[in-house]
Each structure stands twice: as C-alpha cells, then as structure tokens.
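Have a look at my_file_14.txt; it's compact mmCIF, C-alpha atoms:
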# COMPACT_ATOMS: atom_id res chain seq x y z
CA MET A 1 99.99 95.89 123.63
CA PRO A 2 97.44 97.46 125.97
CA PRO A 3 94.29 95.30 125.92
CA MET A 4 91.99 98.02 124.57
CA VAL A 5 94.21 99.07 121.65
CA HIS A 6 92.83 97.90 118.32
CA PRO A 7 95.74 96.66 116.18
CA ILE A 8 96.52 98.29 112.85
CA ASP A 9 97.53 95.44 110.56
CA LEU A 10 100.00 96.48 107.87
CA ARG A 11 101.64 93.08 107.40
CA SER A 12 100.14 92.46 103.94
CA ASP A 13 97.25 93.31 101.64
CA THR A 14 96.19 89.68 102.06
CA VAL A 15 94.86 90.22 105.59
CA THR A 16 91.68 91.96 104.44
CA ARG A 17 88.32 90.46 105.33
CA PRO A 18 85.26 90.22 103.09
CA THR A 19 82.93 93.20 103.37
CA PRO A 20 79.24 92.64 104.18
CA GLY A 21 78.40 93.15 100.51
CA MET A 22 80.96 90.58 99.46
CA ARG A 23 79.63 88.09 102.00
CA ARG A 24 76.12 88.55 100.61
CA ALA A 25 77.35 87.99 97.07
CA MET A 26 79.08 84.79 98.20
CA ALA A 27 76.00 83.53 100.03
CA GLU A 28 73.77 84.16 97.04
CA ALA A 29 76.13 82.85 94.35
CA GLU A 30 74.77 80.54 91.70
CA VAL A 31 76.98 77.45 91.71
CA GLY A 32 77.66 74.22 89.86
CA ASP A 33 80.54 71.76 89.51
CA ASP A 34 83.51 73.68 88.18
CA VAL A 35 85.51 70.54 87.36
CA PHE A 36 82.77 69.78 84.83
CA GLY A 37 82.85 73.42 83.69
CA GLU A 38 79.33 73.89 85.07
CA ASP A 39 79.75 76.60 87.70
CA PRO A 40 78.16 79.68 86.11
CA THR A 41 79.74 82.13 88.54
CA VAL A 42 83.23 80.75 87.94
CA ASN A 43 82.60 80.91 84.19
CA ARG A 44 81.54 84.55 84.48
CA LEU A 45 84.64 85.42 86.50
CA GLU A 46 86.96 83.70 84.03
CA ALA A 47 85.32 85.46 81.08
CA ARG A 48 85.46 88.80 82.89
CA VAL A 49 89.15 88.54 83.72
CA ALA A 50 90.04 87.30 80.24
CA GLU A 51 88.29 90.35 78.81
CA LEU A 52 90.00 92.72 81.28
CA LEU A 53 93.38 91.31 80.28
CA GLY A 54 92.68 91.04 76.57
CA LYS A 55 93.25 87.28 76.50
CA GLU A 56 91.28 84.44 74.93
CA ALA A 57 90.62 82.59 78.18
CA ALA A 58 91.28 82.52 81.90
CA LEU A 59 91.36 79.87 84.62
CA PHE A 60 90.30 80.32 88.26
CA VAL A 61 92.67 78.74 90.80
CA PRO A 62 92.84 78.90 94.60
CA THR A 63 96.18 80.71 95.01
CA GLY A 64 98.72 82.94 93.34
CA THR A 65 101.40 80.29 93.68
CA MET A 66 99.23 77.80 91.82
CA ALA A 67 98.49 80.42 89.16
CA ASN A 68 102.18 81.03 88.55
CA GLN A 69 103.13 77.38 88.57
CA ALA A 70 100.27 76.33 86.30
CA ALA A 71 101.15 79.07 83.84
CA LEU A 72 104.86 78.26 83.88
CA GLY A 73 104.30 74.51 83.71
CA ALA A 74 102.03 74.92 80.70
CA GLN A 75 104.89 76.48 78.71
CA LEU A 76 107.94 74.55 79.88
CA VAL A 77 109.36 71.03 79.87
CA PRO A 78 111.89 69.50 82.27
CA GLY A 79 115.38 70.82 81.65
CA ASP A 80 114.21 74.21 80.45
CA GLU A 81 115.46 77.44 82.00
CA ILE A 82 113.67 80.65 82.81
CA LEU A 83 115.16 84.12 83.21
CA CYS A 84 113.81 86.21 86.09
CA ASP A 85 114.89 88.76 88.63
CA GLU A 86 116.72 87.31 91.64
CA GLY A 87 113.90 88.52 93.90
CA ALA A 88 111.08 86.98 91.86
CA HIS A 89 108.22 85.48 93.81
CA CYS A 90 108.21 82.30 91.73
CA ILE A 91 111.71 81.32 92.89
CA ASN A 92 111.73 82.76 96.41
CA TYR A 93 108.28 82.21 97.90
CA GLU A 94 106.76 79.20 96.16
CA GLY A 95 108.49 76.36 97.99
CA GLY A 96 110.86 75.41 95.17
CA ALA A 97 107.83 74.53 93.04
CA LEU A 98 109.47 75.42 89.74
CA ALA A 99 112.07 72.70 90.18
CA ALA A 100 109.92 70.22 92.12
CA LEU A 101 106.86 70.35 89.87
CA SER A 102 108.19 71.22 86.43
CA GLY A 103 111.83 70.14 86.52
CA VAL A 104 112.83 73.61 85.42
CA GLN A 105 115.74 75.73 86.58
CA ALA A 106 115.85 79.49 87.00
CA ARG A 107 118.65 81.81 86.03
CA PRO A 108 118.23 84.74 88.41
CA LEU A 109 119.30 88.14 87.12
CA ARG A 110 120.06 91.23 89.19
CA GLY A 111 117.51 93.76 88.04
CA ASP A 112 117.11 97.37 89.06
CA ARG A 113 115.26 96.98 92.37
CA GLY A 114 113.48 93.99 90.91
CA LEU A 115 112.92 95.21 87.37
CA LEU A 116 114.60 93.61 84.38
CA SER A 117 115.55 95.40 81.19
CA ALA A 118 115.71 94.12 77.64
CA ALA A 119 119.49 94.68 77.69
CA LEU A 120 119.89 92.57 80.83
CA VAL A 121 117.81 89.77 79.32
CA ALA A 122 119.75 89.92 76.06
CA GLU A 123 123.04 89.60 77.93
CA ALA A 124 121.77 86.46 79.71
CA LEU A 125 120.64 84.57 76.61
CA ARG A 126 122.52 81.33 76.09
CA PRO A 127 123.78 79.94 72.78
CA GLU A 128 121.89 76.98 71.36
CA THR A 129 124.13 74.03 72.20
CA ASP A 130 123.65 70.58 73.67
CA SER A 131 125.60 71.63 76.77
CA PHE A 132 123.42 74.50 77.92
CA PRO A 133 119.89 74.35 79.24
CA ARG A 134 117.34 75.70 76.80
CA THR A 135 116.32 79.21 77.78
CA ARG A 136 112.60 79.15 77.16
CA LEU A 137 110.84 81.89 79.11
CA VAL A 138 111.28 85.33 80.66
CA GLU A 139 109.35 85.97 83.88
CA VAL A 140 108.53 89.49 85.05
CA GLU A 141 106.68 90.63 88.18
CA GLN A 142 104.28 93.57 88.13
CA THR A 143 104.44 95.15 90.68
CA HIS A 144 107.64 93.75 92.11
CA ASN A 145 107.21 92.77 95.75
CA ARG A 146 110.83 92.61 96.93
CA GLY A 147 111.58 95.68 94.81
CA GLY A 148 109.20 97.67 97.00
CA GLY A 149 106.13 97.59 94.80
CA ARG A 150 107.92 99.00 91.79
CA VAL A 151 106.07 99.32 88.50
CA TYR A 152 107.44 98.40 85.09
CA THR A 153 106.72 101.07 82.52
CA LEU A 154 104.82 99.87 79.48
CA PRO A 155 107.72 100.64 77.10
CA ALA A 156 110.11 98.62 79.28
CA LEU A 157 107.81 95.57 79.19
CA GLN A 158 107.25 96.00 75.46
CA GLU A 159 111.01 95.98 74.85
CA ILE A 160 111.43 92.79 76.89
CA ALA A 161 108.53 91.16 75.03
CA GLN A 162 109.92 92.16 71.64
CA LEU A 163 113.34 90.73 72.51
CA ALA A 164 111.83 87.53 73.90
CA ARG A 165 109.71 86.90 70.84
CA ALA A 166 112.63 87.60 68.51
CA HIS A 167 114.48 84.74 70.24
CA GLY A 168 111.51 82.37 70.43
CA LEU A 169 110.96 82.84 74.17
CA CYS A 170 107.69 83.00 76.06
CA VAL A 171 106.91 85.73 78.59
CA HIS A 172 105.05 85.15 81.86
CA LEU A 173 103.75 88.15 83.77
CA ASP A 174 103.30 87.52 87.48
CA GLY A 175 100.60 90.12 87.97
CA ALA A 176 99.71 89.41 91.58
CA ARG A 177 99.54 93.20 92.02
CA LEU A 178 98.87 94.10 88.40
CA TRP A 179 95.80 96.05 89.50
CA ASN A 180 98.10 98.26 91.60
CA ALA A 181 100.44 98.77 88.67
CA SER A 182 97.55 99.85 86.48
CA ALA A 183 96.21 102.27 89.10
CA ALA A 184 99.65 103.79 89.70
CA SER A 185 100.61 104.17 86.04
CA GLY A 186 97.28 104.86 84.36
CA VAL A 187 98.06 102.03 81.92
CA ALA A 188 95.23 99.55 81.37
CA ALA A 189 95.89 96.06 82.69
CA ARG A 190 95.24 94.64 79.21
CA ASP A 191 98.07 96.77 77.79
CA PHE A 192 100.54 95.34 80.29
CA ALA A 193 99.13 91.87 79.66
CA ALA A 194 99.64 92.23 75.91
CA CYS A 195 103.38 91.96 76.57
CA ALA A 196 103.03 88.42 77.92
CA ASP A 197 101.92 85.01 76.73
CA SER A 198 100.57 84.17 80.19
CA VAL A 199 99.43 86.41 83.02
CA SER A 200 98.53 85.61 86.61
CA VAL A 201 96.41 87.99 88.66
CA CYS A 202 95.34 87.86 92.28
CA LEU A 203 91.97 88.71 93.84
CA SER A 204 93.07 88.49 97.48
CA LYS A 205 95.81 91.14 97.31
CA GLY A 206 94.40 94.64 97.27
CA LEU A 207 90.95 93.65 96.05
CA GLY A 208 89.89 92.08 99.34
CA ALA A 209 88.60 88.70 98.18
CA PRO A 210 89.22 85.86 100.66
CA ALA A 211 90.98 83.65 98.09
CA GLY A 212 91.55 83.16 94.41
CA SER A 213 93.81 83.97 91.47
CA LEU A 214 93.54 83.49 87.73
CA VAL A 215 95.77 82.49 84.84
CA ALA A 216 95.02 84.14 81.51
CA GLY A 217 96.36 83.46 78.03
CA SER A 218 95.45 81.66 74.84
CA ARG A 219 92.79 78.95 74.90
CA GLU A 220 95.48 76.35 74.31
CA LEU A 221 97.61 77.61 77.19
CA VAL A 222 94.62 77.73 79.55
CA ARG A 223 93.69 74.15 78.61
CA ALA A 224 97.20 73.04 79.55
CA ALA A 225 97.06 75.06 82.77
CA ARG A 226 93.71 73.44 83.65
CA ARG A 227 95.30 70.01 83.42
CA ILE A 228 98.14 71.15 85.69
CA ARG A 229 95.61 72.61 88.13
CA LYS A 230 94.02 69.18 88.36
CA ARG A 231 97.39 67.52 88.88
CA LEU A 232 98.13 69.92 91.73
CA GLY A 233 94.84 69.12 93.43
CA GLY A 234 93.33 72.46 92.55
CA GLY A 235 90.20 71.34 90.76
CA MET A 236 87.37 72.81 92.85
CA ARG A 237 83.69 71.93 92.81
CA GLN A 238 81.11 74.60 93.79
CA ALA A 239 83.79 77.26 93.53
CA GLY A 240 81.27 79.92 92.55
CA ILE A 241 81.08 80.91 96.21
CA LEU A 242 84.68 82.11 95.95
CA ALA A 243 84.31 83.37 92.39
CA ALA A 244 81.42 85.58 93.52
CA ALA A 245 83.79 87.32 95.92
CA GLY A 246 86.15 87.97 93.01
CA LEU A 247 83.39 89.42 90.84
CA PHE A 248 82.25 91.63 93.71
CA ALA A 249 85.84 92.82 94.20
CA LEU A 250 86.19 93.73 90.53
CA ASP A 251 82.85 95.55 90.58
CA HIS A 252 83.23 97.42 93.86
CA GLN A 253 86.83 97.44 95.07
CA LEU A 254 89.05 97.71 92.02
CA ALA A 255 88.34 101.39 91.38
CA ARG A 256 89.43 102.45 94.88
CA ILE A 257 92.81 100.72 94.88
CA GLY A 258 94.60 104.01 94.23
CA GLU A 259 93.53 105.12 97.70
CA ASP A 260 95.92 102.55 99.13
CA HIS A 261 98.75 104.21 97.21
CA ASP A 262 97.85 107.60 98.68
CA HIS A 263 97.83 106.08 102.15
CA ALA A 264 101.22 104.48 101.49
CA GLN A 265 102.64 107.87 100.51
CA ALA A 266 101.34 109.42 103.72
CA LEU A 267 102.71 106.52 105.74
CA ALA A 268 106.13 106.74 104.08
CA ALA A 269 106.33 110.48 104.70
CA GLY A 270 105.61 109.92 108.39
CA LEU A 271 107.97 106.99 108.81
CA ALA A 272 110.80 108.90 107.14
CA GLU A 273 110.78 111.34 110.07
CA ILE A 274 111.20 108.66 112.74
CA PRO A 275 114.70 108.14 114.17
CA GLY A 276 115.82 104.56 113.69
CA LEU A 277 114.21 104.16 110.26
CA SER A 278 115.58 105.05 106.86
CA LEU A 279 113.54 105.36 103.68
CA ASP A 280 112.94 107.69 100.77
CA PRO A 281 109.22 108.33 100.24
CA ALA A 282 109.98 108.92 96.56
CA ASP A 283 110.72 105.18 96.26
CA VAL A 284 107.11 104.32 97.15
CA GLU A 285 105.16 103.81 93.92
CA THR A 286 102.20 101.73 95.06
CA ASN A 287 101.02 100.25 98.38
CA LEU A 288 104.28 98.73 99.66
CA VAL A 289 106.53 100.67 102.02
CA PHE A 290 109.94 99.30 102.97
CA ALA A 291 111.93 100.99 105.74
CA ARG A 292 115.46 100.05 106.72
CA LEU A 293 115.96 99.61 110.45
CA THR A 294 118.90 101.76 111.61
CA LYS A 295 118.30 101.87 115.37
CA PRO A 296 121.56 100.80 117.05
CA GLY A 297 121.41 97.38 118.68
CA TRP A 298 118.03 96.49 117.15
CA ASP A 299 117.23 93.81 114.61
CA VAL A 300 114.03 93.19 112.68
CA PRO A 301 112.55 90.57 115.05
CA ARG A 302 113.00 92.92 118.00
CA ALA A 303 111.42 95.79 116.08
CA LEU A 304 108.45 93.69 114.98
CA ALA A 305 107.86 92.59 118.57
CA ALA A 306 108.01 96.19 119.79
CA LEU A 307 105.60 97.30 117.08
CA ARG A 308 103.18 94.51 117.97
CA ALA A 309 103.32 95.54 121.63
CA HIS A 310 102.18 99.00 120.54
CA GLY A 311 99.33 97.74 118.36
CA LEU A 312 101.02 97.89 114.96
CA LEU A 313 101.58 94.76 112.87
CA ALA A 314 104.27 94.93 110.19
CA GLY A 315 106.22 92.41 108.14
CA ASP A 316 109.81 91.32 107.75
CA GLY A 317 111.04 93.03 104.60
CA GLU A 318 114.32 91.05 104.69
CA HIS A 319 117.83 92.50 104.57
CA GLY A 320 117.24 94.59 107.69
CA ARG A 321 114.02 96.14 106.44
CA LEU A 322 110.48 96.41 107.78
CA ARG A 323 107.58 96.07 105.35
CA PHE A 324 104.31 97.98 105.68
CA VAL A 325 101.45 97.33 103.24
CA THR A 326 98.40 99.55 102.96
CA HIS A 327 95.05 98.02 102.00
CA LEU A 328 91.31 98.56 102.07
CA ASP A 329 90.93 97.51 105.73
CA VAL A 330 93.18 100.38 106.86
CA PRO A 331 91.40 103.70 106.22
CA GLY A 332 93.25 106.92 105.61
CA ASP A 333 92.51 108.28 109.09
CA ALA A 334 94.39 105.32 110.60
CA ILE A 335 97.68 106.29 108.96
CA PRO A 336 98.66 109.11 111.38
CA GLU A 337 97.93 106.79 114.30
CA ALA A 338 100.05 104.08 112.65
CA VAL A 339 102.97 106.50 112.42
CA ARG A 340 102.55 107.47 116.07
CA ARG A 341 102.60 103.82 117.14
CA VAL A 342 105.78 103.16 115.18
CA GLU A 343 107.40 106.20 116.72
CA ARG A 344 106.48 105.10 120.25
CA ALA A 345 107.62 101.53 119.60
CA LEU A 346 111.05 102.60 118.41
CA ALA A 347 111.58 105.34 121.01
What does the file become when written as structure tokens?
Amino acid sequence: MPPMVHPIDLRSDTVTRPTPGMRRAMAEAEVGDDVFGEDPTVNRLEARVAELLGKEAALFVPTGTMANQAALGAQLVPGDEILCDEGAHCINYEGGALAALSGVQARPLRGDRGLLSAALVAEALRPETDSFPRTRLVEVEQTHNRGGGRVYTLPALQEIAQLARAHGLCVHLDGARLWNASAASGVAARDFAACADSVSVCLSKGLGAPAGSLVAGSRELVRAARRIRKRLGGGMRQAGILAAAGLFALDHQLARIGEDHDHAQALAAGLAEIPGLSLDPADVETNLVFARLTKPGWDVPRALAALRAHGLLAGDGEHGRLRFVTHLDVPGDAIPEAVRRVERALA
C-alpha cells in the first residue's frame, strides 16, 4: 500500500472508534460498583435496553459471546441439546463454549442461507426417550452473519416461537445485529424480541461503542445469567464508563444505521461489475456484503493481501468468499473509492 493512502477498513462493523461525543459521555459518566448493583449508568443502560426489547430486565456484559453463553447457560443443563443453523455464531465462533461451559450439545440444521423455518425445526424434534438428548432450546440469529446479513421476517420467527412453545422449548435470539434487522425490515426490535425467551444484543457492532452487549429476558432469567456472568469472570466494577458509550450509541447512532445498508447496496452494485468477483446485489439485505472470488489461480488469502496493498481491508468470508462490512466509520463518499481499490487490486 502506498504510504500516503488512508486505508478503508471494511473488515467488520466492530472496527469503529468512539466519536468525540461518545468519548465525552464516557469521561463524564456517573459510576459505582456494578457487582453491587450500584453503577447508575449501567442500571440506566440495562433499563433502557429492557424497555427497547420489551423484556422485564437486562444484563450488561463485556462481549457478545458472553451474552450468548450466559443466556444459553441460564436455560440449559448438561446433556441438553439445542437446535440451531449450522452457521450459527454460538457454535462456530465462540470457542466451543456451549460444550465447555454448559455441557450442552448442538444439533446443527441446514437453514436457508442461515435462516431456520418452523418446518425444519419440527422435523428435527426428537422423541422423549431415555436414549436421546433432551431438545431444550431453539437458537436463531438475527441478522445471520454467515448467511450474509439475512433478516428473518417477523412471521417466520413467530412460527418458530409458536412451535417451540408448543413443545416446551425455549427460544434464544442472538441479536448481535438486531438493530440492523429492525432498520432493514421496519419491524421494531421489541417485536422480534417477543418471539424469544432470551435476547442478546450488541453495542459494538453497528452502533460504534467500544465494547459491550446485553442479555434481556425475564427477571428470573437475568438473575441466572448474572450468576453465570460472575462465574465467567465478567462481573465489572465501574462499568458505567462503558455503559455511557452504549447509551450514547442508542441516543445518537441507532437512528442512522440504515445508512450503512444503503452504503452496502452501493458497494455490492460496484463489486458485482468487477471481473474476478461474483455476487448478486439483491442478496444484500443489511450491511454485510459477501463476494465469491472467481479469479483464476487466486485464493482468499492472496486476494486479501492484494486488497490490503491497495488500501482496502476486507475479511475472509469462508468458502472462497470475501466479506465486506459497512459501518459508521466509512462514509458514503468512500464507497466509490473502495470499489476502485478492489478493482485495481484484482486487475
């Protein structure tokens, strides 16, 4: 990369940096000891997110992985089984935590580009016998990362929830990008959340906070998740400094998240015209753009290195794909330049 070229970072929506306003909010945050329940800023954030999701309570945790694992662990016992898509974050990108921490196994299902259906779940239900593991929970991801940022429709989630409840199953919604799903669909986050017993949401994807996720659900579930958070080493002290960033993000950066989707559409349209890449812009629903590498003799590592040399950072989308993620640190006027850099890199 020429030394004067400023890189355009499209690896993830987690690479954003706090804005000056967010930094001020963090510096001025009123704090206390959150383990004692005495951090007023954390308490405000938890109440705010619980209200946004229509749940009784919420719990602030450092990471999305911890949010998922605390929520799942609060509803499962060793030997239980969950049903999820084969590309689910909780079984692919969380270090085997489901088995290591909760003694639970997953039964991966092959959804439609990451999305399950009630019919697929029904087909996977096991009979109640001493030989089979007890199917206890259905996990869904909104939006689905490996599915390319796909969005469940509200009726599809409602059908899964209705089936699960009819069979005595819990539902966990991994909502790391739930804010994106809401912006793309026009469906309120609380309406999606109503389909699940537990919901995790992330503040550092799309919203630009430096860290933090939350688990939301009933008061009883959140109490159990709080105990698991402690067991995992996630009890924080003056965490209001981080919670203030989350509140700022909800106040100032949630409403603009649809801009990232517009930028992703523009990016996809440009990338689709570049020889050596294959994608259908119609598949892009939110801020994730996956492009299959078709340039003869090239593999993903070579392409990523070439992109980096031309000032464009992208991610490994697996299975021969490149992943590009739009976010608030990449303005709309940077998208045409991003396309030009990809084109030059793959020439």
Nearest to Ile228 (chain A), chosen from A:Met66, A:Val5, A:Ala176, A:Ala194, with all atoms listed in the file counted in the distances: A:Met66
I need the residue nearest Ile82 (chain A) from this list: A:Gly95, A:Gly235, A:Pro133, A:Gly54. Use only C-alpha atoms for the distance.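 The closest residue to Ile82 (chain A) is A:Pro133.
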Quote the spacing between CA of Leu207 (chain A) and CA of Glu139 (chain A) in Å to one decimal place. 23.4 Å
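With only C-alpha atoms as the atoms that count, the residue of A:Lys205, A:Pro281, A:Gly79, A:Cys170 with the shortest distance to Phe132 (chain A) is A:Gly79.
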Quick one, how far is CA of Gln158 (chain A) from CA of Tyr93 (chain A)? 26.4 Å
Please, which residues in region 108-165 of chain A fall within 8 Å of region 284-301 of chain A when counting only C-alpha atoms, and what is the closest atom pair and distance in Å to one decimal for each, ordered by chain then residue number, as JSON lines?
{"residue": "A:Asn145", "atom": "CA", "partner": "A:Leu288", "partner_atom": "CA", "distance": 7.7}
{"residue": "A:Gly148", "atom": "CA", "partner": "A:Leu288", "partner_atom": "CA", "distance": 5.7}
{"residue": "A:Gly149", "atom": "CA", "partner": "A:Leu288", "partner_atom": "CA", "distance": 5.3}
{"residue": "A:Arg150", "atom": "CA", "partner": "A:Glu285", "partner_atom": "CA", "distance": 5.9}
{"residue": "A:Val151", "atom": "CA", "partner": "A:Glu285", "partner_atom": "CA", "distance": 7.1}
Would you mind telling me which residue in A:Ala305, A:Phe192, A:Ala314, A:Asn180 lies nearest to Gly258 (chain A) when using only C-alpha atoms?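 Selected residue with least distance to Gly258 (chain A): A:Asn180.
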Residue neighbourhood Arg231 (chain A), 10 Å, all atoms listed in the file, exclusion window fewer than 5 positions, as a compact mmCIF listing (two decimals) with C-alpha atoms, in the frame of the given file:
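Saved the output as around-v1.txt:
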# COMPACT_ATOMS: atom_id res chain seq x y z
CA ALA A 70 100.27 76.33 86.30
CA LEU A 101 106.86 70.35 89.87
CA ALA A 225 97.06 75.06 82.77
CA ARG A 226 93.71 73.44 83.65
Which residues come within 10 Å of Ala164 (chain A), counting only C-alpha atoms, excluding same-chain residues fewer than 6 positions away, as a list of chain:residue names?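 Residues near the query, excluding close chain neighbours: A:Ala118, A:Val121, A:Ala122, A:Leu125, A:Arg136, A:Leu137, A:Val138, A:Gln158, A:Cys170, A:Val171, A:Cys195, A:Ala196.
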Just to confirm, what's the straight-line distance from CA of Ala166 (chain A) to CA of Leu154 (chain A) in Å (one decimal)?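 Value for the CA of Ala166 (chain A)-CA of Leu154 (chain A) distance: 18.2 Å.
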Nearest candidate to Asp174 (chain A) (options A:Glu128, A:Asp85, A:Glu159, A:Glu123; using all atoms listed in the file): A:Asp85
Pick out the closest residue to Leu254 (chain A) from this set: A:Gly317, A:Gly96, A:Gly21, A:Gly206. Count all atoms listed in the file. A:Gly206
Near-Ala243 (chain A) list (8 Å; all atoms listed in the file; drop same-chain fewer than 5 positions) as an MDAnalysis selection string: chainID A and resid 26 41:42 45 60 212
Residues as selected, C-alpha atoms, written as a compact mmCIF listing (two decimals), in the coordinates of the input, can you do that?
# COMPACT_ATOMS: atom_id res chain seq x y z
CA MET A 26 79.08 84.79 98.20
CA THR A 41 79.74 82.13 88.54
CA VAL A 42 83.23 80.75 87.94
CA LEU A 45 84.64 85.42 86.50
CA PHE A 60 90.30 80.32 88.26
CA GLY A 212 91.55 83.16 94.41
Give the centre and edge lengths of an axis-aligned box, in Å to one decimal, that holds all listed atoms of region 189-198 of chain A with 6 Å on each side, as lines of an AutoDock Vina configuration file.
center_x = 99.3
center_y = 90.5
center_z = 79.3
size_x = 20.1
size_y = 24.6
size_z = 18.8
Mind checking which residues fall within 6 Å of Gly270 (chain A), counting only C-alpha atoms, ignoring those fewer than 3 positions away in the same chain, and posting them as a ChimeraX atom specification? /A:267,273,339
